[in-house]
Amino acid sequence: MADHEDHVNLLGLAGRVVVVSGAGGGGIGTTVAAMTARAGATVIAVSRSKENLDEHIAPLAQQGLAMVPVAADASTDEGIATVIDHARQADGDLYGLVNVAGGAEPSTWMPSTRVTRADWRKIFADNLETAFFMSQAVASELVRRQLQGSIVSISSISGMNTAPFHIAYGTAKAAITAMTRTMALELAQAGIRVNAVAPGVTETVASRTYVDEDPERV
């Protein structure tokens, strides 16, 4: 019990509201949502799929964690508006955002000579655009309400190191790093911290599926 209380006190999230996009996939987003709620926050858990929320977020709520599942597409203005509405209605002050939504399916792993405009635009929309406009919406809400807070985006090691056959994904993730640096400078005076984390290959439901389907390609 003491360890749990120390964890809550250390992070300072008790009574605060945190949005986590991409929370329903059973991977990084679900884990972030769970850990954030265990630290005392009310989590606005966002996923395009209600089924994924039912599978991965509902059990956490049944454990007593403060989860607000929101089935919304964070890559659209309408979806983002829905997320912000739920954050406003939640019990506590909005504090932050973790951008996890994104990724790239194995079908998009290809030489740069084969990438189509449709491939490029989809990966940028799912990764960079979603992270930026979610960050913009949460930052605007924090500034409007004169609240300090924190925004964290999940980037990727692919955006830092050369990764053959991942040109669109790697470029989008590198752009998230540039976006993060710019927003951090702009929002510092408002007391809003903006950071990015660049994990390597992580074992998740999605990554295990990719390996099972095509181990040689992975």
# chains A, B, ... in the order shown; residues from 1 in each chain; ligands from 1
>>> residues_around(residues="Pro59 in chain A", least_positions_apart="5", cutoff="12 Å", atoms="only C-alpha atoms", output="PyMOL selection string")
chain A and resi 24+26+30+34+52-54+64-67+69
>>> select_by_dssp(residues="range 49-168 of chain A", states="alpha helix (DSSP H)", output="number ranges by chain")
A: 50-52, 58-62, 77-89, 117-124, 130-144, 167-168
>>> residues_around(residues="Ser49 in chain A", least_positions_apart="5", cutoff="12 Å", atoms="only C-alpha atoms", output="number ranges by chain")
A: 21-26, 54-57, 69-74, 101
>>> write_last_selection(atoms="C-alpha atoms", output="PDB file, in the first residue's frame")
ATOM      1  CA  SER A  21      -4.772   8.428 -27.444  1.00  0.00           C
ATOM      2  CA  GLY A  22      -4.342   4.954 -28.895  1.00  0.00           C
ATOM      3  CA  ALA A  23      -5.261   3.486 -25.513  1.00  0.00           C
ATOM      4  CA  GLY A  24      -7.306   0.526 -26.694  1.00  0.00           C
ATOM      5  CA  GLY A  25      -4.816  -1.580 -28.605  1.00  0.00           C
ATOM      6  CA  GLY A  26      -3.500  -3.676 -25.761  1.00  0.00           C
ATOM      7  CA  ASP A  54     -14.290  -3.070 -24.185  1.00  0.00           C
ATOM      8  CA  GLU A  55     -11.497  -5.647 -24.328  1.00  0.00           C
ATOM      9  CA  HIS A  56      -8.598  -3.696 -22.846  1.00  0.00           C
ATOM     10  CA  ILE A  57      -9.923  -0.644 -20.963  1.00  0.00           C
ATOM     11  CA  PRO A  69     -13.356   5.140 -22.472  1.00  0.00           C
ATOM     12  CA  VAL A  70     -13.952   7.296 -25.545  1.00  0.00           C
ATOM     13  CA  ALA A  71     -14.516   5.706 -28.948  1.00  0.00           C
ATOM     14  CA  ALA A  72     -13.340   8.473 -31.268  1.00  0.00           C
ATOM     15  CA  ASP A  73     -11.038   8.929 -34.243  1.00  0.00           C
ATOM     16  CA  ALA A  74      -8.251  11.215 -33.044  1.00  0.00           C
ATOM     17  CA  ALA A 101      -2.063   6.648 -31.582  1.00  0.00           C
TER      18      ALA A 101
END
>>> closest_atom_pairs(of="range 76-161 of chain A", to="range 172-189 of chain A", cutoff="7 Å", atoms="only C-alpha atoms", output="CSV")
residue,atom,partner,partner_atom,distance
A:Phe124,CA,A:Ala172,CA,5.6
A:Asn127,CA,A:Ala172,CA,6.5
A:Leu128,CA,A:Ala172,CA,5.6
A:Ser155,CA,A:Lys173,CA,5.3
A:Ser156,CA,A:Lys173,CA,6.0
A:Gly159,CA,A:Ala174,CA,4.1
A:Met160,CA,A:Ala174,CA,6.4
>>> write_last_selection(atoms="N, CA and C atoms", output="mmCIF file, in the first residue's frame")
data_model
loop_
_atom_site.group_PDB
_atom_site.id
_atom_site.type_symbol
_atom_site.label_atom_id
_atom_site.label_comp_id
_atom_site.auth_asym_id
_atom_site.auth_seq_id
_atom_site.Cartn_x
_atom_site.Cartn_y
_atom_site.Cartn_z
ATOM 1 N N PHE A 124 1.521 9.694 -42.512
ATOM 2 C CA PHE A 124 1.658 11.026 -41.911
ATOM 3 C C PHE A 124 0.376 11.433 -41.183
ATOM 4 N N ASN A 127 0.142 9.333 -37.859
ATOM 5 C CA ASN A 127 1.201 9.580 -36.885
ATOM 6 C C ASN A 127 1.392 11.068 -36.596
ATOM 7 N N LEU A 128 1.951 11.803 -37.539
ATOM 8 C CA LEU A 128 2.285 13.207 -37.292
ATOM 9 C C LEU A 128 1.050 14.083 -37.106
ATOM 10 N N SER A 155 7.241 8.778 -30.011
ATOM 11 C CA SER A 155 7.899 8.800 -31.311
ATOM 12 C C SER A 155 8.417 7.382 -31.588
ATOM 13 N N SER A 156 9.592 7.244 -32.149
ATOM 14 C CA SER A 156 10.148 5.919 -32.422
ATOM 15 C C SER A 156 11.631 6.036 -32.706
ATOM 16 N N GLY A 159 12.654 7.131 -36.087
ATOM 17 C CA GLY A 159 12.783 8.537 -36.441
ATOM 18 C C GLY A 159 14.145 9.108 -36.126
ATOM 19 N N MET A 160 14.991 8.311 -35.459
ATOM 20 C CA MET A 160 16.322 8.766 -35.076
ATOM 21 C C MET A 160 17.424 8.014 -35.811
#
